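Undergrad: The following file, final_26.cif, comprises mmCIF, C-alpha atoms and all ligand atoms:
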data_structure
#
loop_
_atom_site.label_atom_id
_atom_site.label_comp_id
_atom_site.auth_asym_id
_atom_site.auth_seq_id
_atom_site.Cartn_x
_atom_site.Cartn_y
_atom_site.Cartn_z
CA MET A 17 -18.85 176.56 -6.50
CA SER A 18 -16.02 177.54 -8.77
CA LEU A 19 -13.41 174.95 -9.77
CA THR A 20 -9.96 175.68 -8.35
CA GLU A 21 -6.37 174.57 -8.87
CA SER A 22 -3.73 173.54 -6.33
CA PHE A 23 -0.06 172.73 -6.91
CA THR A 24 2.60 171.07 -4.75
CA GLY A 25 5.48 168.91 -5.86
CA SER A 26 8.47 166.77 -4.86
CA LEU A 27 10.26 163.57 -5.87
CA ALA A 28 10.86 162.49 -2.28
CA GLY A 29 9.72 158.89 -1.90
CA SER A 30 8.65 158.53 -5.54
CA ARG A 31 9.41 155.09 -7.01
CA ILE A 32 10.97 155.35 -10.46
CA LEU A 33 12.11 152.46 -12.63
CA ILE A 34 14.69 153.54 -15.20
CA GLY A 35 15.02 151.25 -18.24
CA ILE A 36 18.19 151.60 -20.31
CA SER A 37 18.34 150.22 -23.81
CA GLY A 38 21.30 150.12 -26.19
CA GLY A 39 22.46 153.49 -27.47
CA ILE A 40 25.37 155.86 -27.06
CA ALA A 41 23.14 158.14 -24.95
CA ALA A 42 23.10 155.41 -22.25
CA TYR A 43 26.12 157.09 -20.61
CA LYS A 44 23.90 160.13 -19.88
CA THR A 45 21.45 157.96 -17.95
CA ALA A 46 23.92 157.62 -15.09
CA GLU A 47 23.65 161.40 -14.67
CA LEU A 48 19.86 161.18 -14.82
CA VAL A 49 19.80 158.53 -12.08
CA ARG A 50 22.19 160.60 -9.94
CA ARG A 51 20.00 163.70 -10.26
CA LEU A 52 16.89 161.71 -9.32
CA THR A 53 18.43 160.11 -6.24
CA GLU A 54 19.74 163.55 -5.20
CA ARG A 55 16.10 164.60 -5.17
CA GLN A 56 15.30 161.68 -2.85
CA ALA A 57 13.54 159.58 -5.49
CA GLN A 58 13.84 155.82 -5.05
CA VAL A 59 15.37 154.58 -8.30
CA ARG A 60 15.76 151.04 -9.63
CA VAL A 61 17.57 150.42 -12.91
CA VAL A 62 16.88 147.73 -15.51
CA MET A 63 19.24 147.30 -18.46
CA THR A 64 18.90 145.45 -21.74
CA ASP A 65 21.81 143.34 -22.95
CA SER A 66 22.79 145.90 -25.58
CA ALA A 67 22.75 148.71 -22.99
CA LYS A 68 25.61 146.94 -21.24
CA ALA A 69 27.80 147.52 -24.32
CA PHE A 70 27.57 151.26 -23.59
CA ILE A 71 27.62 151.48 -19.78
CA THR A 72 28.26 148.98 -17.01
CA PRO A 73 25.68 147.83 -14.47
CA LEU A 74 28.23 148.65 -11.77
CA THR A 75 28.12 152.36 -12.67
CA LEU A 76 24.33 152.39 -12.42
CA GLN A 77 24.41 150.43 -9.18
CA ALA A 78 26.80 153.01 -7.74
CA VAL A 79 24.64 156.00 -8.67
CA SER A 80 21.27 154.42 -7.83
CA GLY A 81 22.43 152.73 -4.62
CA ALA A 82 20.45 149.60 -5.55
CA PRO A 83 21.19 146.38 -7.44
CA VAL A 84 20.74 146.67 -11.21
CA SER A 85 18.46 144.10 -12.84
CA ASP A 86 19.15 142.78 -16.30
CA THR A 87 17.91 139.19 -16.52
CA LEU A 88 14.44 137.76 -16.69
CA LEU A 89 13.86 134.91 -14.23
CA ASP A 90 17.36 135.07 -12.72
CA PRO A 91 17.02 132.95 -9.52
CA ALA A 92 19.27 135.28 -7.50
CA ALA A 93 17.42 138.44 -8.60
CA GLU A 94 14.01 136.81 -8.12
CA ALA A 95 15.01 135.95 -4.54
CA GLY A 96 15.50 139.72 -3.96
CA MET A 97 12.93 141.93 -5.65
CA GLY A 98 11.40 139.64 -8.29
CA HIS A 99 10.32 141.02 -11.65
CA ILE A 100 6.61 141.05 -10.78
CA GLU A 101 7.35 142.77 -7.50
CA LEU A 102 9.44 145.34 -9.37
CA ALA A 103 6.59 145.86 -11.85
CA LYS A 104 4.18 146.51 -8.96
CA TRP A 105 6.68 148.68 -7.06
CA ALA A 106 7.19 151.24 -9.84
CA GLN A 107 5.04 154.36 -10.01
CA LEU A 108 6.72 155.53 -13.21
CA ILE A 109 8.84 153.66 -15.77
CA VAL A 110 11.18 155.81 -17.87
CA VAL A 111 13.01 154.12 -20.74
CA ALA A 112 16.00 156.35 -21.46
CA PRO A 113 17.49 155.98 -23.93
CA ALA A 114 14.69 154.23 -25.83
CA SER A 115 16.31 152.82 -28.98
CA ALA A 116 14.36 152.25 -32.23
CA ASN A 117 14.50 148.52 -31.50
CA THR A 118 13.13 148.93 -27.97
CA LEU A 119 10.33 151.21 -29.18
CA ALA A 120 9.36 148.59 -31.79
CA ARG A 121 9.34 145.86 -29.13
CA LEU A 122 7.26 147.93 -26.74
CA ALA A 123 4.79 148.85 -29.49
CA SER A 124 4.44 145.15 -30.38
CA GLY A 125 3.92 144.12 -26.77
CA LEU A 126 6.89 141.72 -26.74
CA ALA A 127 8.00 140.29 -23.41
CA ASP A 128 11.27 138.60 -24.31
CA ASP A 129 13.60 140.34 -21.88
CA LEU A 130 13.32 141.88 -18.43
CA LEU A 131 12.65 145.47 -19.52
CA SER A 132 9.90 144.65 -22.03
CA THR A 133 8.31 142.20 -19.57
CA LEU A 134 8.26 144.82 -16.83
CA CYS A 135 6.66 147.36 -19.16
CA LEU A 136 3.88 144.86 -19.92
CA ALA A 137 3.48 143.63 -16.35
CA SER A 138 3.35 147.01 -14.67
CA PRO A 139 0.31 149.24 -14.17
CA ALA A 140 2.72 152.21 -13.86
CA GLN A 141 2.79 155.08 -16.34
CA LEU A 142 5.37 154.43 -19.07
CA ALA A 143 7.53 157.23 -20.51
CA VAL A 144 10.07 156.81 -23.32
CA ALA A 145 12.95 159.11 -24.25
CA PRO A 146 13.78 158.14 -27.83
CA ALA A 147 17.43 158.27 -28.87
CA MET A 148 18.68 157.16 -32.27
CA ASN A 149 20.13 158.27 -35.58
CA GLN A 150 17.96 160.95 -37.24
CA GLN A 151 17.24 158.72 -40.26
CA MET A 152 16.04 155.89 -38.00
CA TYR A 153 13.88 158.33 -36.05
CA ALA A 154 12.31 159.73 -39.22
CA HIS A 155 11.61 156.24 -40.64
CA PRO A 156 7.83 155.58 -40.92
CA ALA A 157 8.27 152.34 -38.94
CA THR A 158 9.63 154.25 -35.93
CA GLN A 159 7.02 156.98 -36.31
CA ASP A 160 4.27 154.34 -36.45
CA ASN A 161 5.63 152.68 -33.31
CA LEU A 162 5.70 156.01 -31.48
CA ALA A 163 2.12 156.73 -32.60
CA VAL A 164 0.96 153.34 -31.30
CA LEU A 165 2.67 153.96 -27.96
CA ALA A 166 1.25 157.49 -27.67
CA GLN A 167 -2.23 156.19 -28.41
CA ARG A 168 -1.78 153.78 -25.49
CA ASN A 169 -1.04 156.74 -23.26
CA THR A 170 2.76 156.30 -23.19
CA LEU A 171 4.49 159.63 -22.59
CA VAL A 172 7.00 160.35 -25.37
CA TRP A 173 9.69 162.70 -24.10
CA GLY A 174 11.77 164.13 -26.92
CA PRO A 175 13.87 163.51 -28.87
CA GLY A 176 15.92 166.69 -29.06
CA GLN A 177 17.61 168.06 -32.15
CA GLY A 178 21.25 168.72 -32.98
CA ALA A 179 24.58 167.06 -33.74
CA GLN A 180 24.56 163.30 -33.24
CA ALA A 181 27.33 160.90 -32.18
CA CYS A 182 27.37 159.47 -35.73
CA GLY A 183 28.06 162.91 -37.22
CA ASP A 184 24.53 163.48 -38.56
CA ILE A 185 22.49 166.51 -37.59
CA GLY A 186 18.75 166.29 -36.92
CA SER A 187 16.10 164.91 -34.57
CA GLY A 188 17.02 161.87 -32.51
CA ARG A 189 19.14 163.04 -29.57
CA MET A 190 17.99 161.88 -26.17
CA LEU A 191 16.83 164.81 -24.05
CA GLU A 192 19.47 166.03 -21.61
CA PRO A 193 19.31 164.48 -18.11
CA MET A 194 18.11 167.71 -16.52
CA GLU A 195 15.34 168.07 -19.13
CA LEU A 196 14.19 164.55 -18.22
CA VAL A 197 14.39 165.38 -14.50
CA GLY A 198 12.10 168.37 -15.17
CA LEU A 199 9.57 166.15 -16.97
CA ILE A 200 9.69 163.55 -14.19
CA GLU A 201 9.20 166.25 -11.55
CA ASP A 202 6.29 167.59 -13.52
CA TYR A 203 4.78 164.09 -13.66
CA PHE A 204 4.95 163.72 -9.89
CA THR A 205 3.66 167.22 -9.19
CA PRO A 206 0.03 166.80 -8.21
CA HIS A 207 -1.60 168.52 -11.09
CA ALA A 208 -4.31 171.03 -11.14
CA GLN A 209 -7.23 169.62 -9.17
CA PRO A 210 -10.02 171.38 -11.00
CA PHE A 211 -12.65 169.15 -9.37
CA ALA A 212 -11.47 169.68 -5.77
CA GLY A 213 -14.52 170.04 -3.52
CA ILE A 214 -16.87 168.84 -6.25
CA LYS A 215 -19.19 165.86 -5.78
CA LEU A 216 -19.53 163.98 -9.03
CA MET A 217 -21.77 160.98 -9.66
CA LEU A 218 -21.44 158.63 -12.61
CA THR A 219 -23.33 155.66 -13.92
CA ALA A 220 -21.39 152.94 -15.74
CA GLY A 221 -21.71 149.46 -17.19
CA PRO A 222 -24.82 147.63 -18.37
CA THR A 223 -28.05 146.91 -16.56
CA ARG A 224 -29.64 143.46 -16.36
CA GLU A 225 -33.39 143.11 -16.69
CA ALA A 226 -34.48 139.79 -15.26
CA LEU A 227 -36.82 137.45 -17.12
CA ASP A 228 -36.72 134.70 -14.52
CA PRO A 229 -34.25 133.61 -11.80
CA VAL A 230 -31.61 132.60 -14.39
CA ARG A 231 -32.14 134.82 -17.45
CA PHE A 232 -31.88 138.50 -18.17
CA ILE A 233 -31.81 141.07 -20.99
CA SER A 234 -28.58 143.09 -21.08
CA ASN A 235 -25.95 144.57 -23.44
CA HIS A 236 -22.22 144.53 -24.14
CA SER A 237 -21.12 147.47 -21.96
CA SER A 238 -17.91 146.55 -20.11
CA GLY A 239 -17.91 149.64 -17.89
CA LYS A 240 -14.47 150.69 -19.21
CA MET A 241 -15.58 154.15 -20.37
CA GLY A 242 -17.44 154.95 -17.14
CA PHE A 243 -14.69 153.55 -14.88
CA SER A 244 -12.05 155.56 -16.81
CA LEU A 245 -14.13 158.69 -16.21
CA ALA A 246 -14.48 157.84 -12.52
CA ALA A 247 -10.71 157.26 -12.15
CA ALA A 248 -9.86 160.48 -13.99
CA ALA A 249 -12.40 162.55 -12.02
CA ALA A 250 -11.02 161.23 -8.71
CA HIS A 251 -7.48 162.02 -9.91
CA LEU A 252 -8.64 165.57 -10.66
CA GLY A 253 -9.90 165.96 -7.11
CA ALA A 254 -13.61 165.11 -7.35
CA GLU A 255 -15.44 163.14 -4.66
CA VAL A 256 -16.71 160.43 -6.97
CA THR A 257 -19.69 158.11 -6.53
CA LEU A 258 -19.86 155.44 -9.19
CA VAL A 259 -23.17 153.66 -9.63
CA SER A 260 -22.22 150.57 -11.56
CA GLY A 261 -24.09 147.79 -13.25
CA PRO A 262 -22.52 144.29 -13.17
CA VAL A 263 -18.96 144.50 -14.56
CA THR A 264 -15.67 142.80 -13.70
CA LEU A 265 -13.56 145.94 -13.28
CA ALA A 266 -11.72 146.95 -10.10
CA THR A 267 -12.96 150.08 -8.34
CA PRO A 268 -10.62 153.01 -9.16
CA ALA A 269 -8.66 154.48 -6.24
CA GLY A 270 -10.62 157.01 -4.18
CA VAL A 271 -13.98 156.18 -5.76
CA THR A 272 -17.11 155.09 -3.85
CA ARG A 273 -18.85 152.31 -5.77
CA LEU A 274 -22.54 151.45 -5.46
CA GLU A 275 -23.48 148.24 -7.26
CA VAL A 276 -26.81 147.68 -8.94
CA GLU A 277 -28.27 145.20 -11.40
CA SER A 278 -31.39 146.59 -13.04
CA ALA A 279 -32.33 149.99 -14.47
CA ALA A 280 -34.91 150.39 -11.69
CA GLN A 281 -32.21 149.81 -9.05
CA MET A 282 -29.83 152.19 -10.83
CA HIS A 283 -32.59 154.81 -10.96
CA ALA A 284 -33.39 154.42 -7.24
CA THR A 285 -29.70 154.52 -6.22
CA VAL A 286 -28.97 157.62 -8.30
CA MET A 287 -32.05 159.43 -7.02
CA ALA A 288 -31.20 158.60 -3.40
CA HIS A 289 -27.84 160.40 -3.67
CA ILE A 290 -28.31 163.00 -6.40
CA ALA A 291 -29.26 165.94 -4.17
CA GLU A 292 -25.63 166.29 -2.95
CA GLN A 293 -24.05 166.10 -6.42
CA GLN A 294 -22.78 169.03 -8.46
CA ILE A 295 -22.04 167.01 -11.61
CA PHE A 296 -23.78 163.90 -12.98
CA ILE A 297 -22.45 161.85 -15.91
CA ALA A 298 -24.65 159.09 -17.32
CA CYS A 299 -22.31 156.67 -19.07
CA ALA A 300 -24.22 153.47 -18.30
CA ALA A 301 -25.87 151.54 -21.08
CA VAL A 302 -29.24 151.38 -19.38
CA ALA A 303 -31.84 149.01 -20.81
CA ASP A 304 -34.66 151.10 -22.24
CA TYR A 305 -37.19 148.32 -21.53
CA ALA A 306 -37.59 145.54 -18.96
CA PRO A 307 -39.83 142.45 -18.94
CA LYS A 308 -43.26 143.39 -17.55
CA THR A 309 -43.26 140.38 -15.22
CA VAL A 310 -40.38 138.38 -13.78
CA ALA A 311 -41.16 134.68 -13.49
CA LYS A 312 -40.53 133.38 -9.99
CA GLN A 313 -39.35 130.04 -11.36
CA LYS A 314 -37.25 129.18 -14.40
CA ILE A 315 -39.33 129.46 -17.57
CA LYS A 316 -39.43 125.97 -19.07
CA LYS A 317 -39.14 125.07 -22.72
CA THR A 318 -42.27 123.14 -23.71
CA ALA A 319 -42.81 120.80 -26.65
CA ASP A 320 -45.93 122.64 -27.83
CA ARG A 321 -44.45 126.19 -27.89
CA ASP A 322 -42.13 127.28 -30.74
CA ASN A 323 -42.50 131.02 -30.18
CA MET A 324 -42.39 133.06 -27.05
CA VAL A 325 -43.58 136.65 -26.66
CA ILE A 326 -42.18 138.70 -23.83
CA GLU A 327 -43.99 141.90 -22.97
CA LEU A 328 -41.61 144.73 -22.15
CA VAL A 329 -42.30 147.96 -20.31
CA LYS A 330 -40.32 151.19 -20.46
CA ASN A 331 -37.69 151.74 -17.76
CA PRO A 332 -37.39 155.09 -16.01
CA ASP A 333 -35.02 157.43 -17.88
CA ILE A 334 -32.39 158.12 -15.23
CA VAL A 335 -30.51 160.96 -16.89
CA ALA A 336 -33.73 162.71 -17.95
CA ASP A 337 -35.11 162.48 -14.41
CA VAL A 338 -31.89 163.94 -12.99
CA ALA A 339 -31.95 166.78 -15.52
CA ALA A 340 -35.58 167.55 -14.60
CA LEU A 341 -34.77 168.11 -10.91
CA PRO A 342 -35.34 171.69 -9.69
CA ASN A 343 -31.73 171.94 -8.42
CA LYS A 344 -30.24 169.75 -11.10
CA PRO A 345 -26.51 169.05 -11.19
CA PHE A 346 -24.51 169.84 -14.34
CA THR A 347 -25.82 166.87 -16.33
CA VAL A 348 -23.88 165.04 -19.04
CA GLY A 349 -25.36 162.19 -21.04
CA PHE A 350 -23.87 159.75 -23.51
CA ALA A 351 -25.37 158.71 -26.82
CA ALA A 352 -24.57 155.33 -28.35
CA GLU A 353 -25.43 155.53 -32.04
CA THR A 354 -24.88 153.42 -35.14
CA HIS A 355 -25.92 156.14 -37.63
CA ASP A 356 -26.90 159.83 -37.90
CA LEU A 357 -24.90 160.40 -34.73
CA ALA A 358 -25.04 164.21 -34.60
CA GLN A 359 -28.78 164.34 -35.25
CA TYR A 360 -29.66 161.73 -32.59
CA ALA A 361 -27.21 163.18 -30.07
CA ARG A 362 -28.59 166.72 -30.45
CA ASP A 363 -32.12 165.37 -30.15
CA LYS A 364 -31.21 163.58 -26.85
CA LEU A 365 -29.46 166.72 -25.58
CA THR A 366 -32.67 168.74 -25.98
CA ARG A 367 -35.28 166.08 -25.21
CA LYS A 368 -33.57 164.95 -21.98
CA GLY A 369 -32.70 168.51 -20.89
CA LEU A 370 -28.92 167.86 -20.69
CA ASP A 371 -26.08 170.36 -20.38
CA MET A 372 -23.81 168.25 -22.59
CA ILE A 373 -23.85 164.95 -24.47
CA ALA A 374 -20.95 162.75 -25.61
CA ALA A 375 -21.85 160.61 -28.60
CA ASN A 376 -19.96 157.52 -29.72
CA HIS A 377 -20.22 155.56 -32.94
CA ILE A 378 -20.87 152.08 -31.60
CA GLY A 379 -20.85 150.55 -35.09
CA LEU A 380 -17.16 151.27 -35.70
CA ALA A 381 -14.26 148.99 -34.71
CA ASP A 382 -12.32 150.25 -31.65
CA HIS A 383 -15.24 152.50 -30.63
CA GLY A 384 -17.92 152.21 -27.97
CA PHE A 385 -18.79 148.91 -26.29
CA ASN A 386 -16.06 146.80 -24.72
CA SER A 387 -13.10 148.30 -26.59
CA ASP A 388 -10.09 149.93 -24.91
CA THR A 389 -10.36 152.94 -27.21
CA ASN A 390 -13.16 155.28 -28.22
CA ALA A 391 -13.85 158.60 -29.96
CA LEU A 392 -16.49 161.11 -28.91
CA SER A 393 -18.46 163.87 -30.61
CA VAL A 394 -19.46 166.20 -27.80
CA PHE A 395 -22.44 168.57 -28.12
CA TRP A 396 -23.83 171.34 -25.93
CA SER A 397 -26.54 173.92 -26.58
CA ASN A 398 -24.52 176.20 -28.83
CA GLY A 399 -21.44 174.23 -29.76
CA GLN A 400 -19.69 170.95 -30.39
CA THR A 401 -16.23 169.44 -30.54
CA GLU A 402 -14.58 166.20 -31.62
CA LEU A 403 -12.41 164.10 -29.29
CA GLY A 404 -10.49 161.77 -31.63
CA LEU A 405 -9.73 158.06 -31.23
CA ALA A 406 -7.71 157.50 -28.03
CA ASN A 407 -7.64 155.07 -25.15
CA LYS A 408 -10.57 155.51 -22.79
CA SER A 409 -8.40 156.95 -19.99
CA ALA A 410 -7.02 159.70 -22.22
CA LEU A 411 -10.49 160.39 -23.60
CA ALA A 412 -11.95 160.56 -20.09
CA ARG A 413 -9.46 163.30 -19.17
CA GLN A 414 -10.31 165.26 -22.33
CA LEU A 415 -14.04 165.02 -21.67
CA LEU A 416 -13.58 166.10 -18.06
CA THR A 417 -11.54 169.12 -19.17
CA LEU A 418 -14.41 170.10 -21.43
CA ILE A 419 -16.89 169.60 -18.60
CA THR A 420 -14.74 171.83 -16.34
CA GLU A 421 -14.89 174.67 -18.85
CA HIS A 422 -18.66 174.47 -19.25
CA TYR A 423 -19.32 173.91 -15.55
CA ASN A 424 -17.33 177.07 -14.78
CA ASP A 425 -19.25 179.04 -17.43
CA ARG A 426 -22.49 178.01 -15.75
CA SER A 427 -21.40 178.95 -12.19
O1 LIG B 1 -18.89 150.36 -21.03
P1 LIG B 1 -18.03 150.33 -22.27
O2 LIG B 1 -17.84 148.94 -22.82
O3 LIG B 1 -16.73 151.06 -22.07
O4 LIG B 1 -18.82 151.12 -23.43
C1 LIG B 1 -19.06 152.47 -23.29
C2 LIG B 1 -20.47 152.86 -23.77
C3 LIG B 1 -20.57 152.59 -25.27
C4 LIG B 1 -21.54 152.06 -23.01
C5 LIG B 1 -20.63 154.39 -23.43
O5 LIG B 1 -19.65 155.11 -24.11
C6 LIG B 1 -22.00 154.90 -23.86
O6 LIG B 1 -22.26 155.27 -24.99
N1 LIG B 1 -22.95 154.92 -22.88
C7 LIG B 1 -24.35 155.25 -23.10
C8 LIG B 1 -25.07 154.07 -23.68
C9 LIG B 1 -26.56 154.34 -23.89
O7 LIG B 1 -27.36 153.78 -23.22
O8 LIG B 1 -26.81 155.27 -24.76
P2 LIG B 1 -28.33 155.74 -25.20
O9 LIG B 1 -28.08 156.57 -26.41
O10 LIG B 1 -29.19 154.54 -25.32
O11 LIG B 1 -28.80 156.58 -23.96
C10 LIG B 1 -28.68 158.00 -23.90
C11 LIG B 1 -28.37 158.44 -22.49
O12 LIG B 1 -29.48 158.18 -21.64
C12 LIG B 1 -27.19 157.79 -21.83
O13 LIG B 1 -26.50 158.75 -21.08
C13 LIG B 1 -27.81 156.74 -20.91
O14 LIG B 1 -26.99 156.46 -19.77
C14 LIG B 1 -29.07 157.45 -20.51
N2 LIG B 1 -30.18 156.56 -20.16
C15 LIG B 1 -30.77 155.76 -21.09
C16 LIG B 1 -31.86 155.00 -20.75
C17 LIG B 1 -32.36 155.08 -19.43
N3 LIG B 1 -33.40 154.35 -19.08
N4 LIG B 1 -31.78 155.86 -18.53
C18 LIG B 1 -30.69 156.60 -18.86
O15 LIG B 1 -30.16 157.33 -18.01
#
Let me see whether you can do it: turn the structure in this file into structure tokens.
Ligand code: PMT
TA:
Amino acid sequence: MSLTESFTGSLAGSRILIGISGGIAAYKTAELVRRLTERQAQVRVVMTDSAKAFITPLTLQAVSGAPVSDTLLDPAAEAGMGHIELAKWAQLIVVAPASANTLARLASGLADDLLSTLCLASPAQLAVAPAMNQQMYAHPATQDNLAVLAQRNTLVWGPGQGAQACGDIGSGRMLEPMELVGLIEDYFTPHAQPFAGIKLMLTAGPTREALDPVRFISNHSSGKMGFSLAAAAAHLGAEVTLVSGPVTLATPAGVTRLEVESAAQMHATVMAHIAEQQIFIACAAVADYAPKTVAKQKIKKTADRDNMVIELVKNPDIVADVAALPNKPFTVGFAAETHDLAQYARDKLTRKGLDMIAANHIGLADHGFNSDTNALSVFWSNGQTELGLANKSALARQLLTLITEHYNDRS
């Protein structure tokens, strides 16, 4: 099957939280809100104290048709839509204008006013439209803050260039309201669904190999990389089955989750469903070996025994068995390496018969096990590419784009 794209789009019913921080461009945000409500978006506005020096809450209330929130833990506001409710309600948060001060506070994760608290408390996508003097924008502190936010998957919209209110000329103007409307519409347009009609199975998390009823051998996999891939693949239209070892993560929307404990269970579960799959991604950190026997009762510590020898036997290699099937799906493995990454990854690519392998440097900080970020070196039979350090969600999308290209080449 070839991967296809489908596009539709509308703001009707979308739930957008507009955050206004202090800056002369705040007056333009009233126009932005008006244009969004015209397009039938539901808009709620949150203002910082300094924003109110530039535009009144009453103006924003008039154009949004909803009360404007500006105070954290205000009893009257909390009796209406409380701040946590507002954080859950929003599908997209747009901070426009985003002053240098607000960007710094967002990058630092502060929660000392309503807007910054909402940004921390909400699972919604955050977008910022920077607006400030060109010198402040160019300052390394502001650039660092923007880089931190972008690395956390915040969308940075603008700034534009040109004459500024202070008389300077340069970068730092907030994008015009209609430019922001275009970006918001684009965000809500269901994007290309390159995996529509594709069945994709993933493994994620660790396995546990029991020693006795209370002990097991396992590893530090949190499941974050595999769950990010599952969420991104579902978002791109795939019918996703996620075979997960024991982790504490919530199942991503639209994903079917099958829970397992041991490598043997993961192997059996994958094999039971693999025939229907077009793509298989093995992201789980599967134990290579398991104890040969599992004690029925808790193994006791005894006074006469200082050493204990546990005999281990090799587990089935799940990804290699999938890749050896006569009608194998497009098969992608991972390689967790502490050294000689390219050499070991290429060896696994060939030895396990994979179409692609994504290798991560598990010895580096912010990479691999249990971190929110990762970087991948991806190899296939006649090529390779580097996906630089990014949060696991962003990296998942990049890897899936790469898989799309190679899957299409194969079809
Ligand atoms: O879960 P996180 O905390 O987010 O961490 C992510 C991760 C570091 C676990 C992930 O990015 C990763 O590298 N997963 C693969 C870990 C691993 O087991 O690598 P490996 O090099 O030992 O195995 C190579 C490949 O064979 C992997 O695709 C693995 O899933 C697969 N394998 C290994 C053994 C086995 N018995 N069966 C398998 O299918």
Undergrad: Do you have the atom CA of Gly176 of chain A-atom CA of Thr72 of chain A distance handy?
TA: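 Distance reported for this atom pair: 24.7 Å.
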Undergrad: Using all atoms listed in the file, can you tell me which of A:Cys299, A:Leu122, A:Val61, A:Ala284 comes closest to Phe243 of chain A?
TA: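 Ranking A:Cys299, A:Leu122, A:Val61, A:Ala284 by distance to Phe243 of chain A, first place goes to A:Cys299.
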Undergrad: Per residue of chain A within 6 Å of ligand LIG 1 (chain B), what are the shortest atom pair and its distance in Å to one decimal, counting all atoms listed in the file, with rows by chain and residue number, as a tab-separated table?
TA:
residue	atom	partner	partner_atom	distance
A:Gly221	CA	B:LIG1	O1	4.8
A:Ser237	CA	B:LIG1	O2	3.7
A:Ser238	CA	B:LIG1	O2	3.6
A:Gly239	CA	B:LIG1	O1	3.4
A:Lys240	CA	B:LIG1	O3	3.7
A:Met241	CA	B:LIG1	O3	3.7
A:Ala298	CA	B:LIG1	O13	4.2
A:Cys299	CA	B:LIG1	N1	4.2
A:Ala300	CA	B:LIG1	O14	4.3
A:Ala301	CA	B:LIG1	O7	3.4
A:Val302	CA	B:LIG1	C16	4.7
A:Ala303	CA	B:LIG1	N3	5.8
A:Asp304	CA	B:LIG1	N3	4.7
A:Asn331	CA	B:LIG1	N3	5.2
A:Pro332	CA	B:LIG1	N3	5.1
A:Asp333	CA	B:LIG1	N4	3.7
A:Ile334	CA	B:LIG1	O15	3.7
A:Val335	CA	B:LIG1	O15	3.8
A:Gly349	CA	B:LIG1	O13	3.6
A:Phe350	CA	B:LIG1	O13	3.7
A:Ala351	CA	B:LIG1	O9	3.5
A:Ala352	CA	B:LIG1	O6	4.1
A:Asn376	CA	B:LIG1	O6	5.7
A:Gly384	CA	B:LIG1	C3	3.8
A:Phe385	CA	B:LIG1	O2	3.6
A:Asn386	CA	B:LIG1	O2	3.4
Undergrad: Pick out the residues sitting within 8 Å of Arg51 of chain A, and hand them over as a ChimeraX atom specification; count all atoms listed in the file, and ignore anything fewer than 5 positions along from it in its own chain.
TA: /A:193-194,197
Undergrad: Just checking: using only C-alpha atoms, which residue out of A:Ala116, A:His99, A:Gly29, A:Met217 ends up closest to Thr53 of chain A?
TA: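 Closest candidate: A:Gly29.
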Undergrad: Nearest residue to Glu327 of chain A out of A:Pro307, A:Gly198, A:Gly186, A:Gly242, using only C-alpha atoms?
TA: A:Pro307
Undergrad: Smallest atom-to-atom distance to Val110 of chain A: which of A:Ala140, A:Ser66, A:Leu33, A:Thr366, using all atoms listed in the file?
TA: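 Selected residue with least distance to Val110 of chain A: A:Leu33.
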Undergrad: Determine the nearest neighbour of Asp129 of chain A from the options A:Gln313, A:Thr87, A:Thr285, A:Gln293, counting all atoms listed in the file.
TA: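 Looking at the shortest contact to Asp129 of chain A, the residue is A:Thr87.
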Undergrad: Between A:Leu171, A:Ser260, A:Pro345, A:Leu131, which one has atoms that come closest to Leu88 of chain A, using all atoms listed in the file?
TA: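 Of A:Leu171, A:Ser260, A:Pro345, A:Leu131, the one nearest Leu88 of chain A is A:Leu131, counting all atoms listed in the file.
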Undergrad: Can you pull out the residues contacting Asp388 of chain A? Cut-off 8 Å, using all atoms listed in the file, and skip same-chain residues under 4 positions away; I want them as a VMD selection string.
TA: chain A and resid 240 382 407 to 408
Undergrad: At what distance in Å, to one decimal, does atom CA of Pro222 of chain A lie from atom CA of Arg273 of chain A?
TA: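 Distance reported for this atom pair: 14.7 Å.
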Undergrad: Regenerate segment 365-371 of chain A at the level of N, CA and C atoms and dump it as a PDB file, in the frame of the given file.
TA:
ATOM      1  N   LEU A 365     -29.902 165.571 -26.392  1.00  0.00           N
ATOM      2  CA  LEU A 365     -29.460 166.720 -25.580  1.00  0.00           C
ATOM      3  C   LEU A 365     -30.667 167.575 -25.206  1.00  0.00           C
ATOM      4  N   THR A 366     -31.513 167.862 -26.200  1.00  0.00           N
ATOM      5  CA  THR A 366     -32.670 168.740 -25.980  1.00  0.00           C
ATOM      6  C   THR A 366     -33.779 168.009 -25.239  1.00  0.00           C
ATOM      7  N   ARG A 367     -34.127 166.815 -25.748  1.00  0.00           N
ATOM      8  CA  ARG A 367     -35.280 166.080 -25.210  1.00  0.00           C
ATOM      9  C   ARG A 367     -35.070 165.711 -23.742  1.00  0.00           C
ATOM     10  N   LYS A 368     -33.820 165.356 -23.366  1.00  0.00           N
ATOM     11  CA  LYS A 368     -33.570 164.950 -21.980  1.00  0.00           C
ATOM     12  C   LYS A 368     -33.140 166.120 -21.104  1.00  0.00           C
ATOM     13  N   GLY A 369     -33.031 167.318 -21.675  1.00  0.00           N
ATOM     14  CA  GLY A 369     -32.700 168.510 -20.890  1.00  0.00           C
ATOM     15  C   GLY A 369     -31.283 168.511 -20.358  1.00  0.00           C
ATOM     16  N   LEU A 370     -30.306 168.013 -21.159  1.00  0.00           N
ATOM     17  CA  LEU A 370     -28.920 167.860 -20.690  1.00  0.00           C
ATOM     18  C   LEU A 370     -28.104 169.134 -20.911  1.00  0.00           C
ATOM     19  N   ASP A 371     -27.013 169.263 -20.155  1.00  0.00           N
ATOM     20  CA  ASP A 371     -26.080 170.360 -20.380  1.00  0.00           C
ATOM     21  C   ASP A 371     -25.072 170.002 -21.471  1.00  0.00           C
TER      22      ASP A 371
END
